[in-house]
$ cat protein-v9.cif   # mmCIF, C-alpha atoms and all ligand atoms
data_query
#
loop_
_atom_site.label_atom_id
_atom_site.label_comp_id
_atom_site.auth_asym_id
_atom_site.auth_seq_id
_atom_site.Cartn_x
_atom_site.Cartn_y
_atom_site.Cartn_z
CA MET X 1 36.05 100.16 -67.09
CA SER X 2 33.26 102.13 -68.72
CA LYS X 3 29.80 100.68 -69.23
CA THR X 4 30.51 100.09 -72.95
CA ALA X 5 33.81 98.40 -72.13
CA ASP X 6 31.96 96.20 -69.62
CA VAL X 7 29.47 95.15 -72.27
CA SER X 8 32.12 94.26 -74.81
CA LEU X 9 34.08 92.38 -72.12
CA GLN X 10 30.94 90.40 -71.35
CA ALA X 11 30.51 89.68 -75.07
CA LEU X 12 34.12 88.48 -75.35
CA ILE X 13 33.63 86.23 -72.33
CA GLU X 14 30.37 84.78 -73.69
CA GLU X 15 31.80 84.17 -77.15
CA GLN X 16 35.32 83.03 -76.39
CA LEU X 17 35.62 81.94 -72.76
CA VAL X 18 32.32 80.34 -71.75
CA PRO X 19 32.62 77.57 -74.41
CA GLU X 20 36.13 76.72 -73.13
CA VAL X 21 35.61 76.66 -69.35
CA SER X 22 35.20 72.87 -69.12
CA VAL X 23 38.20 72.04 -71.30
CA ILE X 24 40.32 74.55 -69.39
CA ASP X 25 39.34 72.97 -66.08
CA LEU X 26 39.09 69.29 -66.98
CA GLU X 27 41.54 68.89 -69.86
CA GLY X 28 44.11 71.54 -69.00
CA HIS X 29 43.46 73.64 -72.12
CA TYR X 30 45.44 76.92 -72.01
CA PRO X 31 43.14 79.81 -73.11
CA GLN X 32 45.87 81.69 -74.98
CA SER X 33 43.65 83.15 -77.70
CA PHE X 34 41.15 84.56 -75.18
CA LEU X 35 44.03 86.21 -73.29
CA GLN X 36 45.28 87.71 -76.54
CA ALA X 37 41.78 88.87 -77.49
CA LEU X 38 41.57 90.87 -74.23
CA GLY X 39 44.77 92.66 -75.20
CA ALA X 40 43.54 93.33 -78.73
CA ALA X 41 40.39 94.88 -77.20
CA GLY X 42 42.55 97.28 -75.15
CA TYR X 43 42.19 95.78 -71.66
CA TYR X 44 45.93 95.68 -70.96
CA GLN X 45 46.74 99.32 -71.81
CA VAL X 46 48.77 101.05 -69.09
CA ARG X 47 50.78 103.84 -70.71
CA ASN X 48 49.28 107.28 -70.06
CA LEU X 49 46.93 105.95 -67.38
CA PRO X 50 47.37 106.94 -63.71
CA GLU X 51 48.39 104.06 -61.49
CA TRP X 52 45.15 103.90 -59.48
CA ARG X 53 43.12 103.69 -62.72
CA VAL X 54 45.25 100.76 -63.86
CA THR X 55 44.76 98.99 -60.51
CA GLU X 56 41.01 99.61 -60.60
CA ARG X 57 40.68 98.44 -64.21
CA ASN X 58 42.80 95.33 -63.48
CA LEU X 59 40.74 94.49 -60.40
CA ARG X 60 37.43 94.80 -62.30
CA LEU X 61 38.77 92.85 -65.27
CA ILE X 62 40.05 90.00 -63.09
CA GLU X 63 36.82 89.97 -61.07
CA THR X 64 34.66 89.82 -64.21
CA VAL X 65 36.70 87.02 -65.80
CA SER X 66 36.76 85.13 -62.50
CA ARG X 67 32.95 85.01 -62.39
CA THR X 68 33.26 82.63 -65.35
CA CYS X 69 36.66 80.95 -64.90
CA ASN X 70 39.16 81.52 -62.13
CA SER X 71 42.02 79.78 -64.00
CA THR X 72 41.69 82.34 -66.77
CA ALA X 73 41.34 85.19 -64.27
CA PHE X 74 44.61 84.03 -62.70
CA LEU X 75 46.27 84.07 -66.13
CA VAL X 76 45.01 87.62 -66.70
CA TRP X 77 46.51 88.53 -63.31
CA CYS X 78 49.83 86.88 -64.29
CA HIS X 79 49.99 88.87 -67.51
CA LEU X 80 49.01 92.21 -65.96
CA THR X 81 51.43 91.71 -63.08
CA GLY X 82 54.35 90.79 -65.36
CA LEU X 83 53.43 93.78 -67.53
CA SER X 84 53.48 96.07 -64.46
CA TYR X 85 57.15 95.13 -63.86
CA VAL X 86 58.04 96.36 -67.35
CA ALA X 87 55.91 99.51 -66.96
CA HIS X 88 57.52 100.40 -63.59
CA GLY X 89 60.96 98.97 -64.34
CA GLU X 90 64.02 100.83 -65.54
CA SER X 91 64.76 99.01 -68.80
CA ARG X 92 64.22 101.49 -71.64
CA TYR X 93 64.64 98.64 -74.09
CA LEU X 94 61.77 96.60 -72.60
CA PHE X 95 59.62 99.71 -72.14
CA GLU X 96 59.99 100.75 -75.76
CA HIS X 97 60.12 97.41 -77.55
CA LEU X 98 58.22 94.91 -75.41
CA LEU X 99 55.63 96.89 -73.43
CA PRO X 100 53.51 97.89 -76.47
CA ARG X 101 53.36 94.22 -77.54
CA LEU X 102 52.38 93.14 -74.01
CA GLU X 103 49.66 95.79 -73.94
CA SER X 104 48.24 94.62 -77.26
CA GLY X 105 48.28 90.99 -76.08
CA GLU X 106 50.49 90.00 -79.01
CA ILE X 107 53.02 88.71 -76.45
CA LEU X 108 51.95 87.31 -73.07
CA CYS X 109 53.94 87.17 -69.86
CA GLY X 110 53.95 85.87 -66.30
CA THR X 111 55.50 86.50 -62.91
CA GLY X 112 57.85 84.23 -61.00
CA LEU X 113 57.94 86.25 -57.79
CA SER X 114 56.43 83.84 -55.23
CA ASN X 115 59.84 82.79 -53.96
CA ALA X 116 60.96 86.42 -53.69
CA MET X 117 57.75 87.46 -51.90
CA LYS X 118 58.37 84.67 -49.38
CA TYR X 119 61.99 85.81 -49.07
CA TYR X 120 60.82 89.34 -48.21
CA VAL X 121 58.85 88.05 -45.20
CA GLY X 122 61.63 85.73 -44.09
CA LEU X 123 59.95 82.47 -45.15
CA GLU X 124 62.51 81.27 -47.71
CA PRO X 125 65.96 82.04 -49.12
CA LEU X 126 66.02 83.23 -52.74
CA LYS X 127 66.26 80.27 -55.10
CA LEU X 128 67.84 82.16 -58.02
CA ARG X 129 71.42 83.46 -58.00
CA ALA X 130 72.80 86.01 -60.45
CA GLU X 131 76.45 86.57 -61.23
CA ARG X 132 77.58 89.82 -62.86
CA VAL X 133 79.34 89.23 -66.20
CA SER X 134 80.19 91.51 -69.08
CA GLY X 135 76.92 92.83 -70.61
CA GLY X 136 74.51 91.27 -68.12
CA TYR X 137 73.99 88.54 -65.52
CA VAL X 138 74.28 84.76 -65.53
CA CYS X 139 71.52 83.03 -63.53
CA ASP X 140 71.37 79.64 -61.83
CA GLY X 141 68.68 78.06 -59.68
CA ILE X 142 65.00 77.16 -59.82
CA LEU X 143 61.52 78.62 -59.62
CA PRO X 144 59.14 75.79 -58.67
CA PHE X 145 55.98 77.25 -60.29
CA VAL X 146 55.56 79.91 -62.97
CA SER X 147 52.31 80.18 -64.95
CA ASN X 148 51.30 81.70 -68.29
CA LEU X 149 54.42 80.43 -70.04
CA ALA X 150 54.78 79.35 -73.67
CA PRO X 151 57.37 79.75 -76.42
CA GLY X 152 57.81 83.46 -77.19
CA GLN X 153 56.44 84.53 -73.78
CA TRP X 154 58.29 86.15 -70.86
CA PHE X 155 58.26 86.26 -67.06
CA GLY X 156 59.64 88.38 -64.23
CA ALA X 157 62.02 86.97 -61.60
CA ILE X 158 64.27 88.15 -58.78
CA ALA X 159 67.79 86.82 -58.25
CA GLN X 160 70.30 87.28 -55.45
CA VAL X 161 73.64 88.80 -56.46
CA ASP X 162 75.04 89.07 -52.93
CA ASP X 163 73.69 89.65 -49.40
CA ARG X 164 72.74 93.24 -50.11
CA HIS X 165 72.04 93.17 -53.83
CA ARG X 166 69.06 91.62 -55.61
CA VAL X 167 68.18 92.22 -59.26
CA MET X 168 64.83 91.97 -60.99
CA LEU X 169 64.94 90.45 -64.45
CA PHE X 170 62.57 89.79 -67.33
CA ILE X 171 63.27 86.39 -68.86
CA PRO X 172 62.21 85.05 -72.26
CA CYS X 173 60.91 81.46 -72.05
CA ASP X 174 63.23 80.54 -74.92
CA ALA X 175 66.44 81.63 -73.14
CA ASP X 176 69.41 79.26 -73.54
CA GLY X 177 69.97 77.20 -70.39
CA LEU X 178 66.36 77.55 -69.17
CA THR X 179 64.48 74.24 -68.89
CA LEU X 180 60.71 74.34 -68.38
CA ARG X 181 58.93 71.24 -67.05
CA GLU X 182 55.14 71.41 -67.16
CA ARG X 183 53.22 70.98 -63.89
CA ARG X 184 50.30 68.62 -64.48
CA GLY X 185 48.06 66.57 -62.21
CA LEU X 186 47.17 69.60 -60.09
CA MET X 187 43.92 69.65 -58.11
CA GLY X 188 42.76 72.49 -60.39
CA LEU X 189 44.27 75.23 -62.57
CA ASN X 190 45.73 72.67 -65.00
CA GLY X 191 45.02 75.03 -67.91
CA THR X 192 47.34 77.73 -66.59
CA ALA X 193 50.48 76.70 -68.52
CA THR X 194 52.38 76.32 -65.25
CA TYR X 195 56.01 75.18 -65.32
CA HIS X 196 58.90 74.33 -63.05
CA CYS X 197 61.77 76.53 -64.28
CA HIS X 198 65.37 75.35 -64.03
CA PHE X 199 68.07 77.92 -64.77
CA GLU X 200 71.53 76.68 -65.71
CA ARG X 201 73.96 79.44 -66.71
CA VAL X 202 71.14 81.51 -68.26
CA PHE X 203 72.59 84.74 -69.66
CA VAL X 204 70.32 87.76 -69.09
CA PRO X 205 71.54 90.84 -71.00
CA ASP X 206 71.45 94.31 -69.40
CA ASP X 207 68.48 95.22 -71.63
CA TYR X 208 66.39 92.63 -69.76
CA VAL X 209 67.30 93.93 -66.29
CA LEU X 210 64.11 95.48 -64.90
CA SER X 211 65.94 96.92 -61.92
CA GLU X 212 69.34 96.77 -60.27
CA ASP X 213 67.40 97.37 -57.04
CA ALA X 214 64.75 94.64 -56.92
CA ASP X 215 63.65 95.61 -53.38
CA ALA X 216 62.72 99.12 -54.56
CA LEU X 217 60.81 97.84 -57.60
CA VAL X 218 58.88 95.33 -55.47
CA ARG X 219 57.92 98.17 -53.11
CA ARG X 220 56.47 100.04 -56.12
CA VAL X 221 54.45 97.14 -57.54
CA ARG X 222 53.36 95.10 -54.51
CA THR X 223 50.11 96.97 -53.76
CA GLY X 224 48.82 96.37 -57.29
CA PHE X 225 50.16 92.79 -57.18
CA VAL X 226 48.20 91.87 -54.04
CA LEU X 227 45.11 94.06 -54.47
CA SER X 228 44.34 92.82 -57.98
CA GLN X 229 44.44 89.20 -56.73
CA VAL X 230 41.36 90.04 -54.65
CA GLY X 231 39.50 90.21 -57.98
CA MET X 232 39.88 86.42 -58.31
CA ALA X 233 38.07 85.92 -54.99
CA LEU X 234 35.40 88.56 -55.66
CA GLY X 235 34.46 87.04 -59.02
CA LEU X 236 34.39 83.50 -57.67
CA CYS X 237 32.32 84.51 -54.62
CA GLY X 238 29.90 86.55 -56.76
CA SER X 239 29.04 83.61 -58.99
CA ALA X 240 29.02 81.04 -56.16
CA ILE X 241 26.63 83.19 -54.08
CA ALA X 242 24.38 83.66 -57.15
CA SER X 243 24.25 79.86 -57.55
CA MET X 244 23.27 79.48 -53.87
CA ILE X 245 20.50 82.06 -54.20
CA GLN X 246 19.09 80.14 -57.18
CA LEU X 247 19.08 76.93 -55.15
CA ALA X 248 17.95 78.48 -51.85
CA GLN X 249 14.49 76.92 -51.99
CA ALA X 250 15.57 73.62 -53.58
CA GLY X 251 15.31 70.38 -51.61
CA ALA X 252 16.06 70.91 -47.94
CA ASN X 253 18.55 73.73 -48.50
CA ARG X 254 16.61 76.04 -46.19
CA PHE X 255 17.78 73.85 -43.28
CA LEU X 256 21.45 74.56 -44.00
CA PRO X 257 22.89 77.06 -41.53
CA ALA X 258 25.16 78.76 -44.12
CA ARG X 259 22.89 81.28 -45.87
CA PRO X 260 23.62 83.09 -49.15
CA GLU X 261 22.40 86.38 -47.57
CA GLY X 262 25.13 86.15 -44.91
CA PHE X 263 27.81 85.52 -47.54
CA ALA X 264 26.41 88.29 -49.74
CA GLU X 265 26.82 90.75 -46.88
CA ARG X 266 30.43 89.70 -46.22
CA TYR X 267 31.12 89.81 -49.96
CA GLU X 268 29.65 93.33 -50.41
CA ARG X 269 31.61 94.68 -47.43
CA LEU X 270 34.84 93.17 -48.73
CA ARG X 271 34.20 94.47 -52.23
CA GLU X 272 33.59 98.00 -50.93
CA ARG X 273 36.74 97.94 -48.81
CA THR X 274 38.80 96.66 -51.73
CA PHE X 275 37.65 99.37 -54.13
CA ALA X 276 38.03 102.00 -51.39
CA LEU X 277 41.67 100.93 -51.04
CA VAL X 278 42.15 101.30 -54.79
CA GLU X 279 40.88 104.88 -54.58
CA GLN X 280 43.20 105.58 -51.67
CA VAL X 281 46.15 104.49 -53.82
CA HIS X 282 45.23 107.60 -55.82
CA THR X 283 45.01 110.04 -52.92
CA LYS X 284 47.45 108.83 -50.27
CA ALA X 285 49.94 106.13 -49.45
CA VAL X 286 48.00 102.98 -48.58
CA ALA X 287 49.29 101.04 -45.60
CA PHE X 288 50.35 97.65 -46.95
CA PRO X 289 48.88 95.68 -43.98
CA GLU X 290 45.41 96.95 -44.99
CA VAL X 291 45.97 95.50 -48.46
CA ALA X 292 47.21 92.23 -46.95
CA ARG X 293 44.13 92.08 -44.69
CA VAL X 294 41.58 92.33 -47.52
CA ARG X 295 43.58 89.79 -49.52
CA LEU X 296 43.53 87.37 -46.54
CA GLU X 297 39.82 87.85 -45.90
CA SER X 298 39.11 87.33 -49.59
CA ALA X 299 40.81 83.92 -49.49
CA TYR X 300 38.86 82.80 -46.41
CA LEU X 301 35.59 84.06 -47.88
CA ALA X 302 36.24 82.26 -51.19
CA MET X 303 36.82 78.95 -49.37
CA ASP X 304 33.74 79.41 -47.14
CA VAL X 305 31.43 80.35 -50.02
CA ALA X 306 32.72 77.66 -52.39
CA THR X 307 32.28 74.99 -49.69
CA ALA X 308 28.71 76.07 -48.91
CA ALA X 309 27.87 76.25 -52.63
CA VAL X 310 28.84 72.58 -53.07
CA LEU X 311 26.47 71.64 -50.24
CA TYR X 312 23.68 73.65 -51.89
CA CYS X 313 24.18 71.67 -55.12
CA GLY X 314 24.05 68.33 -53.33
CA GLY X 315 25.30 65.25 -55.22
CA ALA X 316 25.31 67.18 -58.51
CA GLY X 317 27.93 69.49 -57.00
CA TYR X 318 30.18 66.50 -56.35
CA LEU X 319 30.53 65.75 -60.06
CA GLN X 320 34.02 66.70 -61.21
CA SER X 321 32.46 68.56 -64.14
CA SER X 322 30.16 70.73 -61.98
CA ALA X 323 30.79 74.47 -61.62
CA ALA X 324 30.52 74.04 -57.84
CA SER X 325 33.34 71.49 -57.71
CA ARG X 326 35.48 73.63 -60.03
CA ARG X 327 34.96 76.68 -57.80
CA LEU X 328 35.88 74.70 -54.69
CA ARG X 329 39.21 73.69 -56.27
CA GLU X 330 39.76 77.25 -57.51
CA ALA X 331 39.00 78.70 -54.07
CA PHE X 332 41.77 76.61 -52.51
CA PHE X 333 44.13 77.96 -55.12
CA ILE X 334 43.29 81.54 -54.06
CA ALA X 335 44.38 80.56 -50.54
CA LEU X 336 47.52 78.78 -51.78
CA VAL X 337 48.88 81.27 -54.29
CA THR X 338 51.47 83.67 -52.92
CA PRO X 339 50.83 85.56 -50.75
CA THR X 340 49.19 82.45 -49.28
CA VAL X 341 47.02 82.58 -46.16
CA LYS X 342 50.03 81.37 -44.11
CA HIS X 343 52.20 84.09 -45.59
CA LEU X 344 49.57 86.80 -44.95
CA GLU X 345 48.88 85.62 -41.39
CA ARG X 346 52.59 85.87 -40.68
CA LEU X 347 52.90 89.29 -42.31
CA LEU X 348 50.01 90.63 -40.23
CA ARG X 349 50.99 89.03 -36.94
CA GLU X 350 54.74 89.62 -37.22
CA PRO X 351 55.07 92.80 -39.33
CA GLU X 352 58.69 93.10 -38.23
CA SER X 353 59.41 89.97 -40.36
CA CYS X 354 58.92 92.09 -43.52
CA ARG X 355 62.26 93.06 -45.07
CA LEU X 356 60.81 95.77 -47.34
C1 LIG K 401 48.72 76.10 -60.07
C2 LIG K 401 49.79 76.95 -59.48
C3 LIG K 401 50.27 78.02 -60.21
C4 LIG K 401 51.28 78.82 -59.68
N1 LIG K 401 51.76 79.84 -60.43
C5 LIG K 401 52.76 80.61 -59.95
C6 LIG K 401 53.30 81.68 -60.73
O1 LIG K 401 52.85 81.96 -61.84
N2 LIG K 401 54.34 82.37 -60.22
C7 LIG K 401 54.87 82.10 -59.01
O2 LIG K 401 55.83 82.76 -58.61
N3 LIG K 401 54.35 81.12 -58.22
C8 LIG K 401 53.32 80.38 -58.67
N4 LIG K 401 52.80 79.37 -57.88
C9 LIG K 401 53.32 79.18 -56.52
C10 LIG K 401 52.36 79.79 -55.50
O3 LIG K 401 52.28 81.20 -55.66
C11 LIG K 401 52.78 79.49 -54.06
O4 LIG K 401 54.05 80.00 -53.81
C12 LIG K 401 52.74 78.03 -53.73
O5 LIG K 401 51.56 77.45 -54.18
C13 LIG K 401 52.73 77.88 -52.23
O6 LIG K 401 53.98 77.61 -51.81
P1 LIG K 401 54.32 77.30 -50.28
O7 LIG K 401 53.58 76.12 -49.81
O8 LIG K 401 55.80 77.31 -50.24
O9 LIG K 401 53.82 78.63 -49.60
P2 LIG K 401 53.45 78.99 -48.11
O10 LIG K 401 52.24 78.24 -47.73
O11 LIG K 401 53.39 80.46 -48.11
O12 LIG K 401 54.67 78.44 -47.31
C14 LIG K 401 55.53 79.27 -46.63
C15 LIG K 401 56.80 78.52 -46.26
O13 LIG K 401 56.54 77.36 -45.54
C16 LIG K 401 57.13 76.23 -46.17
N5 LIG K 401 56.12 75.19 -46.11
C17 LIG K 401 54.87 75.27 -46.56
N6 LIG K 401 54.20 74.15 -46.31
C18 LIG K 401 55.07 73.35 -45.67
C19 LIG K 401 54.97 72.05 -45.13
N7 LIG K 401 53.84 71.35 -45.21
N8 LIG K 401 56.07 71.52 -44.54
C20 LIG K 401 57.22 72.22 -44.45
N9 LIG K 401 57.36 73.46 -44.94
C21 LIG K 401 56.30 74.01 -45.53
C22 LIG K 401 57.39 76.64 -47.60
O14 LIG K 401 58.54 76.03 -48.15
C23 LIG K 401 57.60 78.10 -47.47
O15 LIG K 401 58.94 78.36 -47.21
C24 LIG K 401 51.79 78.56 -58.38
C25 LIG K 401 51.28 77.49 -57.65
C26 LIG K 401 50.29 76.70 -58.18
C27 LIG K 401 49.76 75.56 -57.36
#

$ encode --input "protein-v9.cif" --output "C-alpha cells" --more "lines below"
Ligand SMILES: Cc1cc2nc3c(=O)[nH]c(=O)nc-3n(C[C@H](O)[C@H](O)[C@H](O)COP(=O)(O)OP(=O)(O)OC[C@H]3O[C@@H](n4cnc5c(N)ncnc54)[C@H](O)[C@@H]3O)c2cc1C
Amino acid sequence: MSKTADVSLQALIEEQLVPEVSVIDLEGHYPQSFLQALGAAGYYQVRNLPEWRVTERNLRLIETVSRTCNSTAFLVWCHLTGLSYVAHGESRYLFEHLLPRLESGEILCGTGLSNAMKYYVGLEPLKLRAERVSGGYVCDGILPFVSNLAPGQWFGAIAQVDDRHRVMLFIPCDADGLTLRERRGLMGLNGTATYHCHFERVFVPDDYVLSEDADALVRRVRTGFVLSQVGMALGLCGSAIASMIQLAQAGANRFLPARPEGFAERYERLRERTFALVEQVHTKAVAFPEVARVRLESAYLAMDVATAAVLYCGGAGYLQSSAASRRLREAFFIALVTPTVKHLERLLREPESCRL
C-alpha cells in the first residue's frame, strides 16, 4: 500500500470501524458496511497485480485492520482468501461475472477450507462429498464453521468425489439444500457471521466449479492463505505492545518480568521475516514449512503478548469491555483458526504427513 492509501485506510478505520469495535466484540455486530467500504476504496483489487504484490497488500491491510479489531481483520482475510480462489480458479464464469463484484466489495465471500486443510495433513477425512450429475455436482455433508456469510454472499469449499478426485467449488449462501445455523456464544469473534453449514443434495453447476483438481488449486493459493493470516497476529501484537509501553511505569508494572521491549524485539523480527517471505514469493519458490513456521510463531507471540498486556492493565484489563480482554480472546482465536497451532506443529514435525 502506498503512503496515501495508508492514510485513507486509517481514515476509513477511524470513521467507520473504531466506533463499532465494542458492538462487534460484545454484541456480535457484523461489520458488513466497513468490509464493503474497503472494497469500494480499492483494497480488494487483484486483477493486473502480480501475486506477491497482492500478498503484500493483503498482509498490510489485515495487519492494519487488526490493530483496531481482529474480528474485522479476520473477515477481511476471509473475503480476500475466498476472492483468491476465484482469481486463481478455472471458472471463466466466476472470473468474469463475480470477481469484479468481489473486488469492489459489492459482494462479500468466505472460505470453508479448514476441513480440507486438515485433510491434507492427515488430521481429518473430508466432510463434504460431491457426486457428478449432468451439468454439475450434487453435494452432501457439513462444514462446522464458515465465517463472513450472509444472504447474497459466497464461500469456497472442497468436496471429495472419490479417493483420487477432489473438486473445489464456490457456493452461494442461498443455494437450495444448504442450511446455515449461526454460531453464537463464542469466547470472541461473535461478530464474524460464522455459521455451521449443512449440505443436503446441494446442486453446484459447472460454472461454480473453481477447479476439477482441488489439490492443485490449494497448492497455488496456500502460501497467500497462511502468510496473510500472520497479519492478524502482527496487528494485534503491535497494539498490545503499544498499550504495555504506555503502562510500563504505571503501578508496580516495572516488577513484572514480561517486558514490552522483549516482545517488541520478537515482534519486529517476526514482522521482518514475514515481509521477507512475501518478497521471496516474487523471486523464488518459497518453502512452505518456512511459511508455516512464521504462522506458528505469530500465534504463540500473540498469546504471550495478549496475556502480558492483561497483566499490565490490572483489574481494568479484566473487564469484558476492555481492549486487553478483547485482544486476549482474539489471540486465542489466532491459535485456533486453521492452520491451528496443533496443525502447524504436526506439519513441521511430520512433514511426510502432508498430502500436497
Ligand atoms: C469463530 C470461528 C470462526 C471460524 N471460521 C472459519 C471459516 O470461516 N472457515 C473455516 O473453514 N473454518 C472456520 N473455523 C474453524 C477453524 O478454522 C478451525 O478449524 C477450528 O477452530 C479448529 O478445529 P479443530 O479443533 O478441529 O482443529 P485442530 O486443533 O487443528 O484439530 C486437529 C484434529 O484434532 C481433532 N481434535 C481437536 N481437538 C480435539 C479434542 N480435544 N479431542 C479429540 N479430537 C480433537 C480435530 O477433530 C481435528 O481432526 C472457525 C472457527 C471459529 C472458532

$ residues_near_ligand --input "protein-v9.cif" --ligand "ligand LIG 401 (chain K)" --cutoff "6 Å" --atoms "all atoms listed in the file" --output "list in words"
Thr111, Gly112, Leu113, Ser114, Leu123, Glu124, Phe145, Val146, Ser147, Leu189, Thr194, Leu336, Val337, Thr338, Thr340, Lys342 and His343 of chain X

$ residues_around --input "protein-v9.cif" --residues "stretch 92-105 of chain X" --least-positions-apart "6" --cutoff "10 Å" --atoms "all atoms listed in the file" --output "JSON, numbers by chain"
{"X": [32, 33, 34, 35, 36, 37, 38, 39, 40, 41, 42, 43, 44, 45, 46, 47, 79, 80, 82, 83, 84, 85, 86, 153, 154, 170, 206, 207, 208, 209, 210]}

$ atom_distance --input "protein-v9.cif" --atom1 "atom CA of X:Ala150" --atom2 "atom CA of X:Leu108"
8.5 Å

$ atom_distance --input "protein-v9.cif" --atom1 "atom CA of X:Leu75" --atom2 "atom CA of X:Leu61"
11.6 Å

$ residues_around --input "protein-v9.cif" --residues "X:Ala159" --least-positions-apart "5" --cutoff "9 Å" --atoms "only C-alpha atoms" --output "PyMOL selection string"
chain X and resi 116+126-130+139-141+165-169+214

$ write_last_selection --input "protein-v9.cif" --atoms "C-alpha atoms" --output "mmCIF file, in the frame of the given file"
data_model
loop_
_atom_site.group_PDB
_atom_site.id
_atom_site.type_symbol
_atom_site.label_atom_id
_atom_site.label_comp_id
_atom_site.auth_asym_id
_atom_site.auth_seq_id
_atom_site.Cartn_x
_atom_site.Cartn_y
_atom_site.Cartn_z
ATOM 1 C CA ALA X 116 60.960 86.420 -53.690
ATOM 2 C CA LEU X 126 66.020 83.230 -52.740
ATOM 3 C CA LYS X 127 66.260 80.270 -55.100
ATOM 4 C CA LEU X 128 67.840 82.160 -58.020
ATOM 5 C CA ARG X 129 71.420 83.460 -58.000
ATOM 6 C CA ALA X 130 72.800 86.010 -60.450
ATOM 7 C CA CYS X 139 71.520 83.030 -63.530
ATOM 8 C CA ASP X 140 71.370 79.640 -61.830
ATOM 9 C CA GLY X 141 68.680 78.060 -59.680
ATOM 10 C CA HIS X 165 72.040 93.170 -53.830
ATOM 11 C CA ARG X 166 69.060 91.620 -55.610
ATOM 12 C CA VAL X 167 68.180 92.220 -59.260
ATOM 13 C CA MET X 168 64.830 91.970 -60.990
ATOM 14 C CA LEU X 169 64.940 90.450 -64.450
ATOM 15 C CA ALA X 214 64.750 94.640 -56.920
#

$ residues_around --input "protein-v9.cif" --residues "X:Ser325" --least-positions-apart "2" --cutoff "10 Å" --atoms "all atoms listed in the file" --output "mmCIF file with C-alpha atoms, in the coordinates of the input"
data_model
loop_
_atom_site.group_PDB
_atom_site.id
_atom_site.type_symbol
_atom_site.label_atom_id
_atom_site.label_comp_id
_atom_site.auth_asym_id
_atom_site.auth_seq_id
_atom_site.Cartn_x
_atom_site.Cartn_y
_atom_site.Cartn_z
ATOM 1 C CA GLY X 188 42.760 72.490 -60.390
ATOM 2 C CA ALA X 306 32.720 77.660 -52.390
ATOM 3 C CA THR X 307 32.280 74.990 -49.690
ATOM 4 C CA ALA X 309 27.870 76.250 -52.630
ATOM 5 C CA VAL X 310 28.840 72.580 -53.070
ATOM 6 C CA CYS X 313 24.180 71.670 -55.120
ATOM 7 C CA ALA X 316 25.310 67.180 -58.510
ATOM 8 C CA GLY X 317 27.930 69.490 -57.000
ATOM 9 C CA TYR X 318 30.180 66.500 -56.350
ATOM 10 C CA LEU X 319 30.530 65.750 -60.060
ATOM 11 C CA GLN X 320 34.020 66.700 -61.210
ATOM 12 C CA SER X 321 32.460 68.560 -64.140
ATOM 13 C CA SER X 322 30.160 70.730 -61.980
ATOM 14 C CA ALA X 323 30.790 74.470 -61.620
ATOM 15 C CA ARG X 327 34.960 76.680 -57.800
ATOM 16 C CA LEU X 328 35.880 74.700 -54.690
ATOM 17 C CA ARG X 329 39.210 73.690 -56.270
ATOM 18 C CA GLU X 330 39.760 77.250 -57.510
ATOM 19 C CA ALA X 331 39.000 78.700 -54.070
#

$ residues_around --input "protein-v9.cif" --residues "X:Pro50" --least-positions-apart "4" --cutoff "12 Å" --atoms "only C-alpha atoms" --output "mmCIF file with C-alpha atoms, in the coordinates of the input"
data_model
loop_
_atom_site.group_PDB
_atom_site.id
_atom_site.type_symbol
_atom_site.label_atom_id
_atom_site.label_comp_id
_atom_site.auth_asym_id
_atom_site.auth_seq_id
_atom_site.Cartn_x
_atom_site.Cartn_y
_atom_site.Cartn_z
ATOM 1 C CA GLN X 45 46.740 99.320 -71.810
ATOM 2 C CA VAL X 46 48.770 101.050 -69.090
ATOM 3 C CA VAL X 54 45.250 100.760 -63.860
ATOM 4 C CA THR X 55 44.760 98.990 -60.510
ATOM 5 C CA GLU X 56 41.010 99.610 -60.600
ATOM 6 C CA ARG X 57 40.680 98.440 -64.210
ATOM 7 C CA ALA X 87 55.910 99.510 -66.960
ATOM 8 C CA VAL X 278 42.150 101.300 -54.790
ATOM 9 C CA GLU X 279 40.880 104.880 -54.580
ATOM 10 C CA VAL X 281 46.150 104.490 -53.820
ATOM 11 C CA HIS X 282 45.230 107.600 -55.820
ATOM 12 C CA THR X 283 45.010 110.040 -52.920
#

$ atom_distance --input "protein-v9.cif" --atom1 "atom CA of X:Gly314" --atom2 "atom CA of X:Asn190"
25.0 Å

$ closest_residue --input "protein-v9.cif" --among "X:Val76, X:Val202, X:Leu347, X:Ile241" --to "X:Met303" --atoms "all atoms listed in the file"
X:Ile241

$ residues_around --input "protein-v9.cif" --residues "X:Gly136" --least-positions-apart "4" --cutoff "7 Å" --atoms "only C-alpha atoms" --output "compact mmCIF listing (two decimals) with C-alpha atoms, keeping the file's coordinate frame"
# COMPACT_ATOMS: atom_id res chain seq x y z
CA ARG X 132 77.58 89.82 -62.86
CA PHE X 203 72.59 84.74 -69.66
CA VAL X 204 70.32 87.76 -69.09
CA PRO X 205 71.54 90.84 -71.00
CA ASP X 206 71.45 94.31 -69.40

$ residues_near_point --input "protein-v9.cif" --point "(59.3, 74.6, -62.5)" --cutoff "8 Å" --atoms "all atoms listed in the file" --output "PDB file with C-alpha atoms, in the frame of the given file"
ATOM      1  CA  ILE X 142      65.000  77.160 -59.820  1.00  0.00           C
ATOM      2  CA  LEU X 143      61.520  78.620 -59.620  1.00  0.00           C
ATOM      3  CA  PRO X 144      59.140  75.790 -58.670  1.00  0.00           C
ATOM      4  CA  PHE X 145      55.980  77.250 -60.290  1.00  0.00           C
ATOM      5  CA  VAL X 146      55.560  79.910 -62.970  1.00  0.00           C
ATOM      6  CA  LEU X 180      60.710  74.340 -68.380  1.00  0.00           C
ATOM      7  CA  ARG X 181      58.930  71.240 -67.050  1.00  0.00           C
ATOM      8  CA  GLU X 182      55.140  71.410 -67.160  1.00  0.00           C
ATOM      9  CA  ARG X 183      53.220  70.980 -63.890  1.00  0.00           C
ATOM     10  CA  THR X 194      52.380  76.320 -65.250  1.00  0.00           C
ATOM     11  CA  TYR X 195      56.010  75.180 -65.320  1.00  0.00           C
ATOM     12  CA  HIS X 196      58.900  74.330 -63.050  1.00  0.00           C
ATOM     13  CA  CYS X 197      61.770  76.530 -64.280  1.00  0.00           C
ATOM     14  CA  HIS X 198      65.370  75.350 -64.030  1.00  0.00           C
TER      15      HIS X 198
END
